[in-house]
file data_35.txt (compact mmCIF, N, CA and C atoms and all ligand atoms)
# COMPACT_ATOMS: atom_id res chain seq x y z
N MET A 1 28.55 -177.46 -14.30
CA MET A 1 27.10 -177.58 -14.42
C MET A 1 26.65 -177.66 -15.88
N THR A 2 27.58 -177.47 -16.82
CA THR A 2 27.13 -177.41 -18.20
C THR A 2 26.48 -178.72 -18.65
N GLU A 3 27.06 -179.85 -18.19
CA GLU A 3 26.49 -181.12 -18.63
C GLU A 3 25.04 -181.26 -18.17
N LEU A 4 24.76 -180.80 -16.97
CA LEU A 4 23.40 -180.93 -16.44
C LEU A 4 22.40 -180.20 -17.32
N THR A 5 22.80 -179.09 -17.87
CA THR A 5 21.85 -178.29 -18.63
C THR A 5 21.55 -178.89 -20.01
N THR A 6 22.28 -179.93 -20.40
CA THR A 6 21.98 -180.55 -21.70
C THR A 6 20.76 -181.47 -21.60
N TYR A 7 20.35 -181.80 -20.37
CA TYR A 7 19.22 -182.71 -20.20
C TYR A 7 17.97 -181.92 -19.87
N LYS A 8 16.95 -182.10 -20.69
CA LYS A 8 15.69 -181.38 -20.48
C LYS A 8 14.54 -182.38 -20.54
N THR A 9 13.68 -182.32 -19.55
CA THR A 9 12.52 -183.21 -19.56
C THR A 9 11.74 -183.02 -20.86
N THR A 10 11.36 -184.15 -21.44
CA THR A 10 10.52 -184.13 -22.64
C THR A 10 9.18 -184.76 -22.28
N THR A 11 8.12 -184.04 -22.51
CA THR A 11 6.78 -184.60 -22.26
C THR A 11 6.34 -185.36 -23.52
N PRO A 12 5.36 -186.25 -23.38
CA PRO A 12 4.89 -186.98 -24.58
C PRO A 12 4.46 -186.03 -25.69
N ALA A 13 3.86 -184.89 -25.33
CA ALA A 13 3.39 -183.95 -26.36
C ALA A 13 4.56 -183.28 -27.09
N GLU A 14 5.72 -183.24 -26.46
CA GLU A 14 6.88 -182.55 -27.06
C GLU A 14 7.74 -183.45 -27.94
N VAL A 15 7.45 -184.75 -27.95
CA VAL A 15 8.32 -185.67 -28.69
C VAL A 15 8.30 -185.34 -30.18
N SER A 16 9.49 -185.11 -30.75
CA SER A 16 9.56 -184.88 -32.19
C SER A 16 10.11 -186.11 -32.91
N LYS A 17 10.88 -186.93 -32.18
CA LYS A 17 11.30 -188.20 -32.78
C LYS A 17 11.50 -189.26 -31.71
N TRP A 18 11.21 -190.48 -32.13
CA TRP A 18 11.42 -191.64 -31.27
C TRP A 18 12.71 -192.32 -31.72
N ILE A 19 13.63 -192.52 -30.78
CA ILE A 19 14.92 -193.13 -31.10
C ILE A 19 14.90 -194.58 -30.63
N ALA A 20 15.15 -195.51 -31.57
CA ALA A 20 15.21 -196.93 -31.21
C ALA A 20 16.48 -197.18 -30.40
N THR A 21 16.36 -197.94 -29.32
CA THR A 21 17.53 -198.24 -28.51
C THR A 21 17.89 -199.72 -28.64
N LEU A 22 17.43 -200.54 -27.72
CA LEU A 22 17.80 -201.95 -27.68
C LEU A 22 16.54 -202.81 -27.61
N PRO A 23 16.69 -204.10 -27.93
CA PRO A 23 15.54 -205.00 -27.72
C PRO A 23 15.13 -205.01 -26.25
N ALA A 24 13.82 -205.05 -26.02
CA ALA A 24 13.31 -204.99 -24.65
C ALA A 24 13.89 -206.11 -23.78
N ASP A 25 14.13 -207.28 -24.39
CA ASP A 25 14.58 -208.40 -23.55
C ASP A 25 16.05 -208.29 -23.15
N GLU A 26 16.75 -207.24 -23.60
CA GLU A 26 18.12 -207.02 -23.13
C GLU A 26 18.17 -206.23 -21.83
N PHE A 27 17.03 -205.66 -21.45
CA PHE A 27 17.01 -204.88 -20.21
C PHE A 27 16.73 -205.81 -19.02
N PRO A 28 17.49 -205.65 -17.94
CA PRO A 28 17.22 -206.50 -16.77
C PRO A 28 15.85 -206.18 -16.18
N GLU A 29 15.22 -207.20 -15.62
CA GLU A 29 13.95 -206.96 -14.95
C GLU A 29 14.18 -206.12 -13.71
N ASN A 30 13.31 -205.15 -13.50
CA ASN A 30 13.42 -204.26 -12.35
C ASN A 30 14.80 -203.62 -12.24
N GLY A 31 15.33 -203.25 -13.40
CA GLY A 31 16.65 -202.62 -13.43
C GLY A 31 16.77 -201.72 -14.64
N GLY A 32 17.93 -201.12 -14.78
CA GLY A 32 18.12 -200.16 -15.86
C GLY A 32 19.37 -200.41 -16.67
N LEU A 33 19.43 -199.74 -17.80
CA LEU A 33 20.62 -199.73 -18.67
C LEU A 33 20.86 -198.31 -19.12
N ASN A 34 22.12 -197.98 -19.31
CA ASN A 34 22.48 -196.68 -19.86
C ASN A 34 22.57 -196.82 -21.38
N VAL A 35 21.84 -195.97 -22.08
CA VAL A 35 21.81 -196.05 -23.54
C VAL A 35 22.14 -194.68 -24.11
N LYS A 36 22.99 -194.66 -25.15
CA LYS A 36 23.30 -193.38 -25.77
C LYS A 36 22.18 -193.05 -26.75
N VAL A 37 21.57 -191.89 -26.57
CA VAL A 37 20.51 -191.43 -27.45
C VAL A 37 20.96 -190.09 -28.01
N GLU A 38 21.38 -190.12 -29.29
CA GLU A 38 22.06 -188.97 -29.88
C GLU A 38 23.23 -188.60 -28.97
N ASP A 39 23.31 -187.38 -28.46
CA ASP A 39 24.48 -187.07 -27.62
C ASP A 39 24.16 -187.15 -26.13
N LEU A 40 23.05 -187.80 -25.80
CA LEU A 40 22.64 -187.90 -24.40
C LEU A 40 22.87 -189.31 -23.86
N GLN A 41 23.19 -189.41 -22.59
CA GLN A 41 23.22 -190.71 -21.92
C GLN A 41 21.94 -190.83 -21.11
N ILE A 42 21.09 -191.76 -21.55
CA ILE A 42 19.77 -191.91 -20.95
C ILE A 42 19.71 -193.24 -20.19
N ALA A 43 19.21 -193.16 -18.97
CA ALA A 43 18.98 -194.38 -18.19
C ALA A 43 17.56 -194.86 -18.47
N ILE A 44 17.45 -196.08 -18.97
CA ILE A 44 16.12 -196.64 -19.26
C ILE A 44 15.87 -197.77 -18.27
N PHE A 45 14.72 -197.72 -17.64
CA PHE A 45 14.38 -198.68 -16.58
C PHE A 45 13.21 -199.56 -17.00
N ASN A 46 13.43 -200.84 -16.82
CA ASN A 46 12.40 -201.84 -17.09
C ASN A 46 11.79 -202.22 -15.74
N PHE A 47 10.74 -201.50 -15.37
CA PHE A 47 10.17 -201.67 -14.03
C PHE A 47 9.09 -202.74 -14.11
N THR A 48 9.51 -204.00 -14.14
CA THR A 48 8.57 -205.09 -14.38
C THR A 48 7.56 -205.25 -13.25
N ARG A 49 7.96 -204.92 -12.03
CA ARG A 49 6.99 -205.04 -10.91
C ARG A 49 5.78 -204.15 -11.14
N ARG A 50 5.99 -203.02 -11.83
CA ARG A 50 4.88 -202.11 -12.13
C ARG A 50 4.39 -202.27 -13.57
N ASN A 51 5.08 -203.12 -14.33
CA ASN A 51 4.77 -203.27 -15.75
C ASN A 51 4.85 -201.92 -16.48
N GLU A 52 5.92 -201.15 -16.16
CA GLU A 52 6.12 -199.83 -16.77
C GLU A 52 7.59 -199.65 -17.13
N TRP A 53 7.80 -198.77 -18.09
CA TRP A 53 9.15 -198.37 -18.48
C TRP A 53 9.33 -196.89 -18.15
N PHE A 54 10.55 -196.52 -17.79
CA PHE A 54 10.85 -195.12 -17.52
C PHE A 54 12.20 -194.78 -18.12
N ALA A 55 12.39 -193.51 -18.44
CA ALA A 55 13.71 -193.05 -18.92
C ALA A 55 14.03 -191.72 -18.25
N THR A 56 15.28 -191.59 -17.83
CA THR A 56 15.75 -190.35 -17.21
C THR A 56 17.16 -190.07 -17.71
N GLN A 57 17.64 -188.88 -17.41
CA GLN A 57 19.07 -188.65 -17.65
C GLN A 57 19.85 -189.65 -16.79
N ASN A 58 21.01 -190.08 -17.31
CA ASN A 58 21.83 -191.00 -16.52
C ASN A 58 22.68 -190.24 -15.51
N LEU A 59 22.77 -188.95 -15.67
CA LEU A 59 23.65 -188.13 -14.85
C LEU A 59 22.98 -187.77 -13.52
N CYS A 60 23.62 -188.17 -12.42
CA CYS A 60 23.10 -187.77 -11.11
C CYS A 60 23.54 -186.34 -10.84
N PRO A 61 22.59 -185.46 -10.50
CA PRO A 61 22.97 -184.06 -10.31
C PRO A 61 23.77 -183.81 -9.03
N HIS A 62 23.81 -184.78 -8.13
CA HIS A 62 24.49 -184.53 -6.86
C HIS A 62 25.99 -184.31 -7.06
N LYS A 63 26.70 -185.34 -7.55
CA LYS A 63 28.15 -185.18 -7.81
C LYS A 63 28.45 -185.39 -9.28
N GLN A 64 27.43 -185.21 -10.11
CA GLN A 64 27.61 -185.27 -11.55
C GLN A 64 28.22 -186.59 -12.01
N GLN A 65 27.68 -187.67 -11.50
CA GLN A 65 28.14 -189.00 -11.90
C GLN A 65 27.17 -189.61 -12.90
N MET A 66 27.72 -190.25 -13.94
CA MET A 66 26.88 -190.98 -14.90
C MET A 66 26.58 -192.35 -14.31
N ILE A 67 25.51 -192.45 -13.57
CA ILE A 67 25.33 -193.65 -12.75
C ILE A 67 23.89 -194.08 -12.53
N LEU A 68 22.93 -193.22 -12.80
CA LEU A 68 21.56 -193.51 -12.33
C LEU A 68 21.00 -194.82 -12.89
N SER A 69 21.46 -195.24 -14.09
CA SER A 69 20.93 -196.49 -14.65
C SER A 69 21.26 -197.68 -13.74
N ARG A 70 22.27 -197.52 -12.87
CA ARG A 70 22.63 -198.61 -11.97
C ARG A 70 22.02 -198.45 -10.59
N GLY A 71 21.11 -197.50 -10.48
CA GLY A 71 20.45 -197.27 -9.19
C GLY A 71 19.38 -198.31 -8.91
N MET A 72 19.01 -198.37 -7.65
CA MET A 72 17.94 -199.27 -7.22
C MET A 72 16.60 -198.60 -7.48
N ILE A 73 15.67 -199.32 -8.10
CA ILE A 73 14.37 -198.73 -8.33
C ILE A 73 13.35 -199.33 -7.36
N GLY A 74 12.34 -198.53 -7.05
CA GLY A 74 11.31 -198.96 -6.12
C GLY A 74 10.15 -197.99 -6.19
N SER A 75 9.24 -198.13 -5.24
CA SER A 75 8.08 -197.25 -5.21
C SER A 75 7.94 -196.64 -3.82
N ASP A 76 7.57 -195.37 -3.82
CA ASP A 76 7.29 -194.65 -2.58
C ASP A 76 5.79 -194.36 -2.62
N GLY A 77 4.98 -195.21 -1.98
CA GLY A 77 3.55 -195.14 -2.23
C GLY A 77 3.33 -195.50 -3.69
N ASP A 78 2.75 -194.59 -4.45
CA ASP A 78 2.52 -194.86 -5.87
C ASP A 78 3.63 -194.28 -6.74
N GLU A 79 4.59 -193.60 -6.11
CA GLU A 79 5.60 -192.87 -6.87
C GLU A 79 6.78 -193.79 -7.22
N PRO A 80 7.01 -194.06 -8.51
CA PRO A 80 8.19 -194.86 -8.86
C PRO A 80 9.44 -194.01 -8.68
N LYS A 81 10.51 -194.62 -8.20
CA LYS A 81 11.70 -193.81 -7.89
C LYS A 81 12.97 -194.61 -8.16
N VAL A 82 14.06 -193.86 -8.28
CA VAL A 82 15.38 -194.48 -8.41
C VAL A 82 16.29 -193.83 -7.38
N ALA A 83 17.09 -194.66 -6.73
CA ALA A 83 18.07 -194.16 -5.76
C ALA A 83 19.45 -194.25 -6.37
N CYS A 84 20.17 -193.16 -6.38
CA CYS A 84 21.53 -193.17 -6.89
C CYS A 84 22.39 -194.10 -6.02
N PRO A 85 23.19 -194.96 -6.64
CA PRO A 85 23.97 -195.90 -5.84
C PRO A 85 25.08 -195.23 -5.01
N PHE A 86 25.45 -194.00 -5.34
CA PHE A 86 26.55 -193.38 -4.60
C PHE A 86 26.13 -192.85 -3.23
N HIS A 87 25.18 -191.93 -3.20
CA HIS A 87 24.82 -191.33 -1.90
C HIS A 87 23.32 -191.39 -1.65
N LYS A 88 22.67 -192.24 -2.42
CA LYS A 88 21.24 -192.56 -2.17
C LYS A 88 20.28 -191.38 -2.34
N LYS A 89 20.67 -190.38 -3.09
CA LYS A 89 19.68 -189.36 -3.46
C LYS A 89 18.64 -190.06 -4.32
N THR A 90 17.38 -189.75 -4.07
CA THR A 90 16.29 -190.48 -4.70
C THR A 90 15.46 -189.54 -5.56
N PHE A 91 15.14 -190.01 -6.75
CA PHE A 91 14.43 -189.18 -7.72
C PHE A 91 13.18 -189.91 -8.22
N SER A 92 12.12 -189.13 -8.43
CA SER A 92 10.91 -189.69 -9.03
C SER A 92 11.20 -190.08 -10.48
N LEU A 93 10.78 -191.27 -10.87
CA LEU A 93 10.94 -191.68 -12.27
C LEU A 93 9.89 -191.03 -13.15
N LYS A 94 8.84 -190.48 -12.52
CA LYS A 94 7.78 -189.83 -13.31
C LYS A 94 8.10 -188.36 -13.57
N THR A 95 8.46 -187.65 -12.49
CA THR A 95 8.64 -186.20 -12.62
C THR A 95 10.09 -185.77 -12.56
N GLY A 96 10.98 -186.66 -12.09
CA GLY A 96 12.39 -186.31 -11.94
C GLY A 96 12.71 -185.59 -10.64
N GLU A 97 11.68 -185.29 -9.85
CA GLU A 97 11.89 -184.53 -8.61
C GLU A 97 12.79 -185.29 -7.64
N ASN A 98 13.67 -184.57 -6.96
CA ASN A 98 14.49 -185.17 -5.89
C ASN A 98 13.59 -185.35 -4.67
N LEU A 99 13.38 -186.61 -4.26
CA LEU A 99 12.39 -186.91 -3.22
C LEU A 99 12.96 -186.83 -1.81
N ASN A 100 14.27 -186.78 -1.66
CA ASN A 100 14.83 -186.76 -0.30
C ASN A 100 15.92 -185.71 -0.15
N GLY A 101 15.67 -184.56 -0.73
CA GLY A 101 16.67 -183.52 -0.60
C GLY A 101 16.34 -182.37 -1.51
N ASP A 102 17.33 -181.54 -1.76
CA ASP A 102 17.07 -180.36 -2.57
C ASP A 102 17.97 -180.30 -3.80
N GLU A 103 18.40 -181.49 -4.27
CA GLU A 103 19.12 -181.50 -5.55
C GLU A 103 18.17 -181.04 -6.65
N CYS A 104 18.74 -180.55 -7.74
CA CYS A 104 17.86 -180.18 -8.84
C CYS A 104 17.22 -181.45 -9.41
N PRO A 105 16.06 -181.33 -10.03
CA PRO A 105 15.40 -182.52 -10.57
C PRO A 105 16.18 -183.09 -11.75
N ILE A 106 15.91 -184.34 -12.06
CA ILE A 106 16.51 -184.94 -13.25
C ILE A 106 15.50 -184.89 -14.38
N ALA A 107 16.00 -184.92 -15.60
CA ALA A 107 15.12 -184.90 -16.77
C ALA A 107 14.54 -186.29 -16.99
N THR A 108 13.29 -186.32 -17.41
CA THR A 108 12.63 -187.58 -17.73
C THR A 108 12.18 -187.55 -19.20
N TYR A 109 12.05 -188.74 -19.77
CA TYR A 109 11.74 -188.87 -21.20
C TYR A 109 10.67 -189.94 -21.39
N PRO A 110 9.82 -189.77 -22.38
CA PRO A 110 8.84 -190.83 -22.68
C PRO A 110 9.54 -192.08 -23.25
N VAL A 111 8.97 -193.21 -22.94
CA VAL A 111 9.48 -194.49 -23.44
C VAL A 111 8.33 -195.27 -24.05
N LYS A 112 8.59 -195.98 -25.13
CA LYS A 112 7.58 -196.93 -25.63
C LYS A 112 8.30 -198.17 -26.13
N VAL A 113 7.55 -199.27 -26.13
CA VAL A 113 8.09 -200.53 -26.65
C VAL A 113 7.22 -200.92 -27.83
N GLU A 114 7.85 -201.08 -28.98
CA GLU A 114 7.12 -201.47 -30.19
C GLU A 114 7.90 -202.54 -30.92
N GLY A 115 7.21 -203.60 -31.28
CA GLY A 115 7.87 -204.68 -32.01
C GLY A 115 9.07 -205.23 -31.25
N GLY A 116 9.01 -205.19 -29.93
CA GLY A 116 10.08 -205.75 -29.12
C GLY A 116 11.27 -204.83 -28.94
N THR A 117 11.19 -203.60 -29.47
CA THR A 117 12.29 -202.64 -29.34
C THR A 117 11.86 -201.49 -28.44
N VAL A 118 12.80 -201.01 -27.63
CA VAL A 118 12.51 -199.90 -26.72
C VAL A 118 12.92 -198.58 -27.39
N TYR A 119 12.01 -197.64 -27.39
CA TYR A 119 12.23 -196.32 -28.00
C TYR A 119 12.17 -195.25 -26.92
N VAL A 120 13.01 -194.23 -27.08
CA VAL A 120 12.98 -193.05 -26.20
C VAL A 120 12.55 -191.87 -27.05
N GLY A 121 11.64 -191.06 -26.50
CA GLY A 121 11.16 -189.88 -27.22
C GLY A 121 11.96 -188.65 -26.83
N ILE A 122 12.45 -187.93 -27.83
CA ILE A 122 13.16 -186.68 -27.55
C ILE A 122 12.51 -185.55 -28.35
N ALA A 123 12.72 -184.33 -27.85
CA ALA A 123 12.08 -183.17 -28.48
C ALA A 123 12.85 -182.76 -29.74
S1 LIG B 1 26.39 -188.82 -6.95
FE1 LIG B 1 24.32 -189.47 -6.91
S2 LIG B 1 23.74 -189.22 -4.87
FE2 LIG B 1 25.76 -188.49 -4.91

call {"tool": "encode", "arguments": {"input": "data_35.txt", "output": "structure tokens"}}
result
Amino acid sequence: MTELTTYKTTTPAEVSKWIATLPADEFPENGGLNVKVEDLQIAIFNFTRRNEWFATQNLCPHKQQMILSRGMIGSDGDEPKVACPFHKKTFSLKTGENLNGDECPIATYPVKVEGGTVYVGIA
């Protein structure tokens, strides 16, 4: 469980630095990429259908797989979500809450796009 505890949700108010990742056009539409941000593996999602970006830990808490960036994204009503490709545990991209079970929530991070580059905010 130690790896899981390295990921902590960062709210916009808690951001102490913005880390530049990749050019926005390298991210697949309606899909994600795993990006190393300092010592964290962060899944960044380019949710073009909603015209929004999201970032979460890449680590699925179910079987501790680094995989969420390859999950299917969609919406549950207004709630953006990602489904882990392994066993379909589904997490809110906004709050990190597990929407179809009792896994622990995943950490979420603020994202911004400036000058064509995608940034992740960390505390
Ligand atoms: S490893 Fe993600 S749902 Fe099982």

call {"tool": "closest_atom_pairs", "arguments": {"input": "data_35.txt", "of": "chain A", "to": "ligand LIG 1 (chain B)", "cutoff": "8 Å", "atoms": "all atoms listed in the file", "output": "CSV"}}
result
residue,atom,partner,partner_atom,distance
A:Leu59,C,B:LIG1,FE1,7.0
A:Cys60,CA,B:LIG1,FE1,4.7
A:Pro61,N,B:LIG1,FE1,5.7
A:His62,C,B:LIG1,S1,4.5
A:Lys63,N,B:LIG1,S1,3.5
A:Gln64,N,B:LIG1,S1,4.9
A:Gln65,N,B:LIG1,S1,4.9
A:Met66,N,B:LIG1,S1,7.3
A:Ile67,CA,B:LIG1,FE1,7.3
A:Leu68,N,B:LIG1,FE1,7.1
A:Ala83,C,B:LIG1,S2,6.8
A:Cys84,CA,B:LIG1,FE1,4.6
A:Pro85,N,B:LIG1,FE1,5.6
A:Phe86,C,B:LIG1,S2,4.6
A:His87,N,B:LIG1,S2,3.5
A:Lys88,N,B:LIG1,S2,4.0
A:Lys89,N,B:LIG1,S2,3.7
A:Thr90,N,B:LIG1,S2,6.4

call {"tool": "atom_distance", "arguments": {"input": "data_35.txt", "atom1": "atom N of Ala20 in chain A", "atom2": "atom N of Asn34 in chain A"}}
result
14.3 Å

call {"tool": "atom_distance", "arguments": {"input": "data_35.txt", "atom1": "atom N of Leu93 in chain A", "atom2": "atom C of Gly115 in chain A"}}
result
24.8 Å

call {"tool": "closest_residue", "arguments": {"input": "data_35.txt", "among": "A:Pro12, A:Gly121, A:Gly116, A:Gly71", "to": "Gly31 in chain A", "atoms": "only N, CA and C atoms"}}
result
A:Gly71

call {"tool": "closest_residue", "arguments": {"input": "data_35.txt", "among": "A:Ala43, A:Val35, A:Val113, A:Val120", "to": "Thr11 in chain A", "atoms": "only C-alpha atoms"}}
result
A:Val120

call {"tool": "atom_distance", "arguments": {"input": "data_35.txt", "atom1": "CA of Ser75 in chain A", "atom2": "CA of Ala24 in chain A"}}
result
21.6 Å

call {"tool": "select_by_dssp", "arguments": {"input": "data_35.txt", "residues": "range 4-55 of chain A", "states": "helix (DSSP H, G or I)", "output": "ChimeraX atom specification"}}
result
/A:4-6,12-14,24-26

call {"tool": "closest_residue", "arguments": {"input": "data_35.txt", "among": "A:Lys8, A:Leu40, A:Asn58, A:Thr108", "to": "Thr95 in chain A", "atoms": "all atoms listed in the file"}}
result
A:Thr108

call {"tool": "select_by_dssp", "arguments": {"input": "data_35.txt", "residues": "range 4-104 of chain A", "states": "strand (DSSP E)", "output": "PyMOL selection string"}}
result
chain A and resi 17-23+31-37+40-47+52-57+59-60+65-66+72-76+79-83+90-92

call {"tool": "residues_around", "arguments": {"input": "data_35.txt", "residues": "range 51-55 of chain A", "least_positions_apart": "3", "cutoff": "6 Å", "atoms": "all atoms listed in the file", "output": "list in words"}}
result
Ala43, Ile44, Phe45, Asn46, Phe47, Thr48, Ala107, Thr108, Tyr109, Pro110 and Val111 of chain A

call {"tool": "closest_residue", "arguments": {"input": "data_35.txt", "among": "A:Pro80, A:Ile122, A:Trp18, A:Gln57", "to": "Ile106 in chain A", "atoms": "all atoms listed in the file"}}
result
A:Gln57

call {"tool": "closest_residue", "arguments": {"input": "data_35.txt", "among": "A:Asp78, A:Gln41, A:Glu3, A:Asp25", "to": "Lys94 in chain A", "atoms": "only C-alpha atoms"}}
result
A:Asp78

call {"tool": "closest_residue", "arguments": {"input": "data_35.txt", "among": "A:Asn30, A:Thr21, A:Thr5, A:Ser16", "to": "Ile73 in chain A", "atoms": "all atoms listed in the file"}}
result
A:Asn30

call {"tool": "decode", "arguments": {"input": "data_35.txt", "residues": "range 42-56 of chain A", "atoms": "C-alpha atoms", "output": "PDB file, in the first residue's frame"}}
result
ATOM      1  CA  ILE A  42       0.138  10.955 -13.490  1.00  0.00           C
ATOM      2  CA  ALA A  43      -2.577  10.039 -15.969  1.00  0.00           C
ATOM      3  CA  ILE A  44      -3.586  13.111 -17.962  1.00  0.00           C
ATOM      4  CA  PHE A  45      -6.814  12.952 -19.936  1.00  0.00           C
ATOM      5  CA  ASN A  46      -7.740  15.065 -22.907  1.00  0.00           C
ATOM      6  CA  PHE A  47     -11.516  14.868 -22.661  1.00  0.00           C
ATOM      7  CA  THR A  48     -12.331  16.608 -25.934  1.00  0.00           C
ATOM      8  CA  ARG A  49     -16.022  15.662 -25.867  1.00  0.00           C
ATOM      9  CA  ARG A  50     -16.320  17.827 -22.736  1.00  0.00           C
ATOM     10  CA  ASN A  51     -13.596  20.271 -23.770  1.00  0.00           C
ATOM     11  CA  GLU A  52     -11.875  19.576 -20.420  1.00  0.00           C
ATOM     12  CA  TRP A  53      -8.599  18.174 -19.149  1.00  0.00           C
ATOM     13  CA  PHE A  54      -8.207  15.992 -16.079  1.00  0.00           C
ATOM     14  CA  ALA A  55      -5.275  14.474 -14.201  1.00  0.00           C
ATOM     15  CA  THR A  56      -5.258  11.596 -11.734  1.00  0.00           C
TER      16      THR A  56
END
